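A.B. asks: Here you go, this is target12.cif (mmCIF, N, CA and C atoms).
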data_run
loop_
_atom_site.label_atom_id
_atom_site.label_comp_id
_atom_site.auth_asym_id
_atom_site.auth_seq_id
_atom_site.Cartn_x
_atom_site.Cartn_y
_atom_site.Cartn_z
N MET A 1 0.81 -1.20 0.00
CA MET A 1 0.00 0.00 0.00
C MET A 1 0.86 1.26 0.00
N GLY A 2 2.02 1.23 0.64
CA GLY A 2 2.88 2.40 0.74
C GLY A 2 3.47 2.84 -0.58
N THR A 3 3.42 2.02 -1.58
CA THR A 3 3.90 2.39 -2.92
C THR A 3 2.73 2.48 -3.89
N MET A 4 1.82 1.55 -3.79
CA MET A 4 0.74 1.46 -4.75
C MET A 4 -0.20 2.67 -4.70
N LEU A 5 -0.67 3.05 -3.53
CA LEU A 5 -1.61 4.18 -3.44
C LEU A 5 -0.97 5.50 -3.87
N PRO A 6 0.23 5.85 -3.38
CA PRO A 6 0.82 7.11 -3.86
C PRO A 6 1.05 7.11 -5.37
N THR A 7 1.46 5.98 -5.94
CA THR A 7 1.66 5.91 -7.39
C THR A 7 0.34 6.17 -8.11
N GLN A 8 -0.74 5.58 -7.63
CA GLN A 8 -2.04 5.79 -8.26
C GLN A 8 -2.51 7.24 -8.11
N ILE A 9 -2.37 7.79 -6.93
CA ILE A 9 -2.85 9.16 -6.67
C ILE A 9 -2.03 10.19 -7.45
N PHE A 10 -0.69 10.10 -7.33
CA PHE A 10 0.15 11.05 -8.05
C PHE A 10 0.09 10.81 -9.55
N GLY A 11 -0.01 9.55 -9.94
CA GLY A 11 -0.13 9.25 -11.37
C GLY A 11 -1.35 9.92 -11.98
N SER A 12 -2.47 9.87 -11.29
CA SER A 12 -3.69 10.52 -11.80
C SER A 12 -3.51 12.02 -11.93
N ALA A 13 -2.80 12.61 -10.98
CA ALA A 13 -2.59 14.06 -11.00
C ALA A 13 -1.58 14.48 -12.07
N LEU A 14 -0.69 13.58 -12.46
CA LEU A 14 0.38 13.92 -13.39
C LEU A 14 0.06 13.65 -14.87
N VAL A 15 -1.08 13.05 -15.14
CA VAL A 15 -1.41 12.67 -16.51
C VAL A 15 -1.19 13.84 -17.46
N ASN A 16 -0.41 13.55 -18.52
CA ASN A 16 -0.09 14.50 -19.59
C ASN A 16 0.67 15.75 -19.13
N SER A 17 1.34 15.68 -17.99
CA SER A 17 2.22 16.77 -17.56
C SER A 17 3.56 16.62 -18.27
N GLU A 18 4.30 17.70 -18.33
CA GLU A 18 5.62 17.67 -18.97
C GLU A 18 6.64 17.08 -17.99
N ASN A 19 7.47 16.15 -18.48
CA ASN A 19 8.52 15.50 -17.69
C ASN A 19 7.97 14.93 -16.37
N ALA A 20 6.81 14.28 -16.43
CA ALA A 20 6.20 13.71 -15.23
C ALA A 20 6.93 12.44 -14.83
N ASN A 21 7.22 12.32 -13.53
CA ASN A 21 7.98 11.19 -13.00
C ASN A 21 7.42 10.71 -11.68
N ILE A 22 7.51 9.43 -11.50
CA ILE A 22 7.28 8.82 -10.19
C ILE A 22 8.51 7.96 -9.94
N ILE A 23 9.11 8.13 -8.78
CA ILE A 23 10.26 7.31 -8.39
C ILE A 23 9.91 6.58 -7.11
N ASN A 24 9.88 5.26 -7.20
CA ASN A 24 9.63 4.42 -6.04
C ASN A 24 10.95 4.00 -5.39
N ILE A 25 10.85 3.45 -4.18
CA ILE A 25 12.04 3.02 -3.45
C ILE A 25 11.99 1.50 -3.31
N SER A 26 12.92 0.85 -3.99
CA SER A 26 13.06 -0.60 -3.88
C SER A 26 14.25 -0.89 -2.96
N SER A 27 14.97 -1.97 -3.21
CA SER A 27 16.07 -2.37 -2.33
C SER A 27 16.90 -3.48 -2.96
N MET A 28 18.07 -3.72 -2.40
CA MET A 28 18.89 -4.87 -2.79
C MET A 28 18.11 -6.16 -2.56
N GLY A 29 17.28 -6.16 -1.54
CA GLY A 29 16.49 -7.34 -1.23
C GLY A 29 15.50 -7.72 -2.32
N ALA A 30 15.23 -6.81 -3.24
CA ALA A 30 14.33 -7.12 -4.36
C ALA A 30 15.02 -8.01 -5.38
N PHE A 31 16.33 -7.87 -5.54
CA PHE A 31 17.08 -8.65 -6.52
C PHE A 31 17.40 -10.05 -6.01
N SER A 32 17.73 -10.13 -4.74
CA SER A 32 18.06 -11.40 -4.11
C SER A 32 17.69 -11.28 -2.63
N PRO A 33 16.93 -12.22 -2.10
CA PRO A 33 16.47 -12.08 -0.72
C PRO A 33 17.64 -12.02 0.27
N LEU A 34 17.51 -11.10 1.21
CA LEU A 34 18.52 -10.96 2.25
C LEU A 34 18.16 -11.86 3.43
N THR A 35 19.17 -12.36 4.10
CA THR A 35 18.92 -13.28 5.22
C THR A 35 18.22 -12.57 6.37
N ARG A 36 17.40 -13.30 7.05
CA ARG A 36 16.69 -12.89 8.26
C ARG A 36 15.59 -11.85 8.05
N ILE A 37 15.33 -11.45 6.80
CA ILE A 37 14.26 -10.47 6.56
C ILE A 37 13.47 -10.82 5.30
N PRO A 38 12.87 -12.03 5.27
CA PRO A 38 12.17 -12.44 4.05
C PRO A 38 10.97 -11.57 3.71
N GLY A 39 10.26 -11.07 4.70
CA GLY A 39 9.10 -10.22 4.42
C GLY A 39 9.51 -8.92 3.76
N TYR A 40 10.61 -8.34 4.22
CA TYR A 40 11.12 -7.10 3.64
C TYR A 40 11.54 -7.34 2.19
N SER A 41 12.28 -8.41 1.96
CA SER A 41 12.73 -8.72 0.60
C SER A 41 11.55 -8.96 -0.33
N ALA A 42 10.54 -9.68 0.14
CA ALA A 42 9.34 -9.94 -0.68
C ALA A 42 8.61 -8.64 -0.99
N ALA A 43 8.51 -7.76 0.00
CA ALA A 43 7.82 -6.48 -0.21
C ALA A 43 8.56 -5.62 -1.22
N LYS A 44 9.89 -5.59 -1.14
CA LYS A 44 10.66 -4.77 -2.07
C LYS A 44 10.65 -5.38 -3.47
N ALA A 45 10.60 -6.69 -3.58
CA ALA A 45 10.45 -7.31 -4.90
C ALA A 45 9.10 -6.91 -5.50
N ALA A 46 8.08 -6.81 -4.66
CA ALA A 46 6.77 -6.37 -5.13
C ALA A 46 6.82 -4.91 -5.59
N VAL A 47 7.58 -4.07 -4.89
CA VAL A 47 7.73 -2.67 -5.31
C VAL A 47 8.36 -2.61 -6.70
N SER A 48 9.40 -3.40 -6.92
CA SER A 48 10.06 -3.41 -8.23
C SER A 48 9.10 -3.88 -9.32
N ASN A 49 8.38 -4.95 -9.05
CA ASN A 49 7.43 -5.49 -10.02
C ASN A 49 6.33 -4.48 -10.31
N PHE A 50 5.79 -3.87 -9.28
CA PHE A 50 4.73 -2.88 -9.46
C PHE A 50 5.25 -1.67 -10.23
N THR A 51 6.49 -1.26 -9.97
CA THR A 51 7.09 -0.14 -10.68
C THR A 51 7.13 -0.42 -12.18
N GLN A 52 7.51 -1.62 -12.54
CA GLN A 52 7.56 -1.98 -13.97
C GLN A 52 6.16 -2.03 -14.56
N TRP A 53 5.21 -2.56 -13.82
CA TRP A 53 3.83 -2.57 -14.29
C TRP A 53 3.33 -1.14 -14.49
N ALA A 54 3.56 -0.29 -13.49
CA ALA A 54 3.08 1.10 -13.55
C ALA A 54 3.75 1.86 -14.70
N ALA A 55 5.01 1.56 -14.98
CA ALA A 55 5.70 2.21 -16.10
C ALA A 55 4.98 1.92 -17.41
N THR A 56 4.54 0.69 -17.57
CA THR A 56 3.80 0.31 -18.76
C THR A 56 2.41 0.96 -18.77
N TYR A 57 1.76 0.94 -17.64
CA TYR A 57 0.40 1.49 -17.52
C TYR A 57 0.36 2.99 -17.82
N PHE A 58 1.33 3.74 -17.27
CA PHE A 58 1.33 5.20 -17.40
C PHE A 58 2.09 5.73 -18.62
N ALA A 59 2.74 4.87 -19.37
CA ALA A 59 3.59 5.33 -20.47
C ALA A 59 2.84 6.20 -21.48
N LYS A 60 1.67 5.82 -21.86
CA LYS A 60 0.91 6.60 -22.85
C LYS A 60 0.36 7.90 -22.27
N SER A 61 0.43 8.05 -20.95
CA SER A 61 -0.03 9.28 -20.29
C SER A 61 1.11 10.25 -20.04
N ASN A 62 2.27 9.96 -20.63
CA ASN A 62 3.44 10.83 -20.50
C ASN A 62 4.01 10.86 -19.08
N ILE A 63 3.89 9.73 -18.38
CA ILE A 63 4.45 9.62 -17.03
C ILE A 63 5.46 8.48 -17.03
N ARG A 64 6.66 8.78 -16.54
CA ARG A 64 7.68 7.74 -16.40
C ARG A 64 7.68 7.27 -14.95
N VAL A 65 7.81 5.96 -14.78
CA VAL A 65 7.83 5.37 -13.44
C VAL A 65 9.08 4.50 -13.32
N ASN A 66 9.92 4.84 -12.37
CA ASN A 66 11.16 4.11 -12.12
C ASN A 66 11.30 3.91 -10.62
N ALA A 67 12.35 3.23 -10.24
CA ALA A 67 12.64 3.05 -8.81
C ALA A 67 14.15 3.09 -8.62
N ILE A 68 14.55 3.48 -7.42
CA ILE A 68 15.94 3.31 -7.04
C ILE A 68 15.99 2.13 -6.07
N ALA A 69 17.12 1.44 -6.08
CA ALA A 69 17.31 0.30 -5.18
C ALA A 69 18.60 0.55 -4.41
N PRO A 70 18.48 1.22 -3.27
CA PRO A 70 19.68 1.48 -2.48
C PRO A 70 20.33 0.19 -2.00
N GLY A 71 21.66 0.24 -1.97
CA GLY A 71 22.42 -0.86 -1.40
C GLY A 71 22.53 -0.66 0.09
N PHE A 72 23.71 -0.85 0.60
CA PHE A 72 23.93 -0.75 2.04
C PHE A 72 24.57 0.58 2.37
N PHE A 73 23.89 1.32 3.22
CA PHE A 73 24.32 2.65 3.62
C PHE A 73 24.49 2.68 5.13
N GLN A 74 25.51 3.37 5.57
CA GLN A 74 25.74 3.50 7.00
C GLN A 74 24.93 4.68 7.52
N THR A 75 24.01 4.38 8.43
CA THR A 75 23.17 5.42 9.03
C THR A 75 23.11 5.20 10.54
N THR A 76 22.60 6.15 11.25
CA THR A 76 22.41 6.02 12.69
C THR A 76 21.50 4.85 13.00
N GLN A 77 20.49 4.64 12.16
CA GLN A 77 19.49 3.59 12.39
C GLN A 77 20.12 2.20 12.40
N ASN A 78 21.08 1.93 11.51
CA ASN A 78 21.62 0.57 11.43
C ASN A 78 23.04 0.44 11.97
N HIS A 79 23.57 1.49 12.58
CA HIS A 79 24.96 1.47 13.06
C HIS A 79 25.23 0.30 14.01
N ALA A 80 24.35 0.07 14.97
CA ALA A 80 24.57 -1.00 15.96
C ALA A 80 24.51 -2.39 15.33
N LEU A 81 23.83 -2.53 14.20
CA LEU A 81 23.77 -3.80 13.50
C LEU A 81 25.07 -4.07 12.75
N HIS A 82 25.73 -3.02 12.31
CA HIS A 82 26.94 -3.16 11.49
C HIS A 82 28.25 -3.02 12.24
N PHE A 83 28.21 -2.39 13.43
CA PHE A 83 29.46 -2.16 14.16
C PHE A 83 29.30 -2.49 15.64
N ASN A 84 30.33 -3.10 16.16
CA ASN A 84 30.39 -3.40 17.59
C ASN A 84 30.59 -2.10 18.37
N PRO A 85 30.34 -2.14 19.70
CA PRO A 85 30.53 -0.92 20.50
C PRO A 85 31.94 -0.32 20.39
N ASP A 86 32.94 -1.16 20.12
CA ASP A 86 34.31 -0.64 19.99
C ASP A 86 34.61 -0.10 18.59
N GLY A 87 33.61 -0.10 17.69
CA GLY A 87 33.79 0.44 16.35
C GLY A 87 34.23 -0.57 15.30
N THR A 88 34.53 -1.79 15.70
CA THR A 88 34.93 -2.81 14.73
C THR A 88 33.69 -3.36 14.02
N PRO A 89 33.84 -3.79 12.77
CA PRO A 89 32.68 -4.29 12.04
C PRO A 89 32.18 -5.63 12.60
N THR A 90 30.87 -5.82 12.57
CA THR A 90 30.27 -7.10 12.95
C THR A 90 30.50 -8.10 11.82
N PRO A 91 30.32 -9.39 12.05
CA PRO A 91 30.44 -10.36 10.97
C PRO A 91 29.50 -10.04 9.79
N ARG A 92 28.30 -9.59 10.08
CA ARG A 92 27.35 -9.22 9.01
C ARG A 92 27.91 -8.05 8.19
N SER A 93 28.48 -7.07 8.87
CA SER A 93 29.08 -5.93 8.19
C SER A 93 30.21 -6.36 7.27
N LYS A 94 31.02 -7.28 7.74
CA LYS A 94 32.14 -7.77 6.92
C LYS A 94 31.61 -8.48 5.68
N LYS A 95 30.54 -9.28 5.82
CA LYS A 95 29.94 -9.93 4.66
C LYS A 95 29.46 -8.91 3.63
N ILE A 96 28.84 -7.85 4.13
CA ILE A 96 28.31 -6.81 3.24
C ILE A 96 29.44 -6.15 2.47
N THR A 97 30.45 -5.68 3.17
CA THR A 97 31.53 -4.97 2.47
C THR A 97 32.35 -5.91 1.60
N ASP A 98 32.49 -7.17 2.00
CA ASP A 98 33.20 -8.14 1.16
C ASP A 98 32.42 -8.45 -0.12
N SER A 99 31.10 -8.28 -0.09
CA SER A 99 30.25 -8.55 -1.25
C SER A 99 29.96 -7.30 -2.08
N THR A 100 30.53 -6.19 -1.70
CA THR A 100 30.36 -4.93 -2.42
C THR A 100 31.68 -4.60 -3.09
N PRO A 101 31.75 -4.64 -4.42
CA PRO A 101 33.01 -4.38 -5.10
C PRO A 101 33.72 -3.09 -4.67
N MET A 102 32.98 -2.06 -4.32
CA MET A 102 33.63 -0.84 -3.85
C MET A 102 34.17 -0.99 -2.42
N GLY A 103 33.80 -2.09 -1.75
CA GLY A 103 34.38 -2.43 -0.46
C GLY A 103 33.99 -1.55 0.71
N LYS A 104 32.85 -0.89 0.61
CA LYS A 104 32.45 0.01 1.68
C LYS A 104 30.93 0.23 1.65
N TYR A 105 30.44 0.87 2.69
CA TYR A 105 29.05 1.31 2.73
C TYR A 105 28.92 2.61 1.96
N GLY A 106 27.74 2.86 1.45
CA GLY A 106 27.48 4.15 0.83
C GLY A 106 27.19 5.19 1.89
N ASP A 107 27.39 6.42 1.54
CA ASP A 107 27.00 7.54 2.38
C ASP A 107 25.63 7.99 1.89
N PRO A 108 24.75 8.44 2.77
CA PRO A 108 23.41 8.86 2.31
C PRO A 108 23.45 9.85 1.14
N GLU A 109 24.47 10.69 1.08
CA GLU A 109 24.57 11.65 -0.02
C GLU A 109 24.72 10.95 -1.38
N ASN A 110 25.22 9.70 -1.37
CA ASN A 110 25.39 8.96 -2.62
C ASN A 110 24.05 8.62 -3.28
N LEU A 111 22.96 8.79 -2.58
CA LEU A 111 21.63 8.49 -3.13
C LEU A 111 21.09 9.63 -3.99
N ILE A 112 21.72 10.76 -4.00
CA ILE A 112 21.18 11.94 -4.67
C ILE A 112 21.25 11.84 -6.21
N GLY A 113 22.37 11.37 -6.74
CA GLY A 113 22.58 11.38 -8.19
C GLY A 113 21.58 10.56 -8.99
N GLY A 114 21.25 9.38 -8.50
CA GLY A 114 20.32 8.50 -9.23
C GLY A 114 18.96 9.14 -9.45
N PRO A 115 18.31 9.60 -8.38
CA PRO A 115 17.01 10.26 -8.58
C PRO A 115 17.11 11.53 -9.44
N LEU A 116 18.19 12.30 -9.28
CA LEU A 116 18.33 13.49 -10.12
C LEU A 116 18.38 13.11 -11.59
N TYR A 117 19.11 12.04 -11.90
CA TYR A 117 19.14 11.56 -13.29
C TYR A 117 17.74 11.15 -13.75
N LEU A 118 17.06 10.34 -12.93
CA LEU A 118 15.74 9.85 -13.32
C LEU A 118 14.72 10.98 -13.47
N LEU A 119 14.88 12.04 -12.73
CA LEU A 119 13.97 13.19 -12.81
C LEU A 119 14.29 14.13 -13.96
N SER A 120 15.49 14.05 -14.48
CA SER A 120 15.93 15.02 -15.48
C SER A 120 15.32 14.73 -16.85
N PRO A 121 15.18 15.77 -17.67
CA PRO A 121 14.71 15.58 -19.04
C PRO A 121 15.66 14.71 -19.87
N GLN A 122 16.94 14.64 -19.48
CA GLN A 122 17.89 13.81 -20.22
C GLN A 122 17.53 12.32 -20.14
N SER A 123 16.72 11.92 -19.17
CA SER A 123 16.31 10.52 -19.07
C SER A 123 14.87 10.34 -19.56
N CYS A 124 14.45 11.18 -20.49
CA CYS A 124 13.04 11.19 -20.93
C CYS A 124 12.59 9.90 -21.61
N PHE A 125 13.52 9.02 -21.98
CA PHE A 125 13.14 7.75 -22.60
C PHE A 125 13.43 6.58 -21.67
N VAL A 126 13.58 6.87 -20.38
CA VAL A 126 13.86 5.84 -19.37
C VAL A 126 12.61 5.65 -18.52
N THR A 127 12.06 4.45 -18.56
CA THR A 127 10.92 4.12 -17.71
C THR A 127 10.94 2.63 -17.41
N GLY A 128 10.45 2.27 -16.24
CA GLY A 128 10.43 0.86 -15.84
C GLY A 128 11.76 0.34 -15.33
N VAL A 129 12.67 1.23 -14.98
CA VAL A 129 14.01 0.85 -14.55
C VAL A 129 14.09 0.80 -13.03
N ILE A 130 14.76 -0.22 -12.53
CA ILE A 130 15.08 -0.30 -11.11
C ILE A 130 16.58 -0.02 -11.04
N LEU A 131 16.95 1.16 -10.59
CA LEU A 131 18.34 1.61 -10.61
C LEU A 131 19.05 1.27 -9.31
N PRO A 132 19.98 0.31 -9.34
CA PRO A 132 20.75 0.01 -8.13
C PRO A 132 21.72 1.16 -7.83
N ILE A 133 21.77 1.56 -6.60
CA ILE A 133 22.75 2.52 -6.10
C ILE A 133 23.45 1.79 -4.96
N ASP A 134 24.43 0.96 -5.33
CA ASP A 134 24.87 -0.08 -4.40
C ASP A 134 26.36 -0.39 -4.38
N GLY A 135 27.18 0.43 -4.99
CA GLY A 135 28.62 0.15 -4.99
C GLY A 135 28.99 -1.12 -5.72
N GLY A 136 28.10 -1.63 -6.57
CA GLY A 136 28.36 -2.83 -7.35
C GLY A 136 27.84 -4.11 -6.72
N PHE A 137 27.12 -4.02 -5.60
CA PHE A 137 26.66 -5.22 -4.89
C PHE A 137 25.87 -6.17 -5.79
N THR A 138 24.95 -5.63 -6.61
CA THR A 138 24.13 -6.51 -7.44
C THR A 138 24.89 -7.14 -8.60
N SER A 139 26.05 -6.61 -8.92
CA SER A 139 26.79 -7.17 -10.07
C SER A 139 27.87 -8.15 -9.66
N TYR A 140 28.06 -8.36 -8.36
CA TYR A 140 29.14 -9.22 -7.89
C TYR A 140 28.61 -10.61 -7.55
N SER A 141 29.21 -11.64 -8.14
CA SER A 141 28.75 -13.01 -7.90
C SER A 141 29.42 -13.66 -6.70
N GLY A 142 30.41 -13.01 -6.13
CA GLY A 142 31.08 -13.58 -4.98
C GLY A 142 32.32 -14.40 -5.32
N VAL A 143 32.61 -14.54 -6.60
CA VAL A 143 33.81 -15.29 -7.01
C VAL A 143 34.70 -14.42 -7.89
#
Would you mind writing the file's structure down as structure tokens?
C.D. replies:
Amino acid sequence: MGTMLPTQIFGSALVNSENANIINISSMGAFSPLTRIPGYSAAKAAVSNFTQWAATYFAKSNIRVNAIAPGFFQTTQNHALHFNPDGTPTPRSKKITDSTPMGKYGDPENLIGGPLYLLSPQSCFVTGVILPIDGGFTSYSGV
């Protein structure tokens, strides 16, 4: 509901507007389920699927619908999950950075460029895309 209703409401308001865009928020969990959070991964896979459906549905109305799929970002909210009290990485944190070709967490500011591109007129022929912003996480097979 958190993606579907806003897309429907804003989509109706944007019909035949110039450079109309809807950007949804997906996740790495949409591409491959993450351990210990199957409900989250399933929900984000649904966001990606719905984004592609909505891109097709709204295309003739001059509305582009895309999503960003953030990778792993270091924030106050998840700091205790990724780092021990002494500042050393947890085993989960090490798995994440070892599976990210750039070898680090993203900074929240790294999320700005993707949406700016998707919102710009230069991407006027881009719709139905799930854009990973993930330091290469989705492209790494682990070998």
A.B. asks: Translate the PyMOL selection byres (((chain A and resi 114-130 and name CA) around 6) and name CA), as applied to the file shown, into an explicit residue set as an NGL selection string.
C.D. replies: :A and (52 or 55 or 64-68 or 112-113 or 131)
A.B. asks: By how many Å are atom C of Leu14 of chain A and atom CA of Ile63 of chain A apart?
C.D. replies: 6.3 Å
A.B. asks: Between atom C of Ala30 of chain A and atom C of Lys44 of chain A, what distance in Å does the model show, to one decimal?
C.D. replies: 5.4 Å
A.B. asks: Do you know which residues are at most 7 Å from segment 1-12 of chain A counting only C-alpha atoms, after dropping those on the same chain fewer than 5 positions away, and could you put them as a list in words?
C.D. replies: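 Selected residues are Ile22, Asn24 and Val47 of chain A.
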A.B. asks: Could you give me, as a VMD selection string, the residues within 12 Å of Asn78 of chain A, counting only C-alpha atoms and dropping anything in the same chain fewer than 4 positions from it?
C.D. replies: chain A and resid 72 to 74 82 to 84 90 92 to 93 105
A.B. asks: Find the distance between atom CA of Pro108 of chain A and atom CA of Val143 of chain A and write it in Å to one decimal.
C.D. replies: 27.9 Å
A.B. asks: Is it possible to get the residues within 5 Å of (18.7, 0.5, -5.4) (coordinates as in the file, counting all atoms listed in the file) written as a list in words?
C.D. replies: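 The residues that fall inside the cut-off are Ser27, Ile68, Ala69, Pro70, Gly71, Leu131, Pro132 and Ile133 of chain A.
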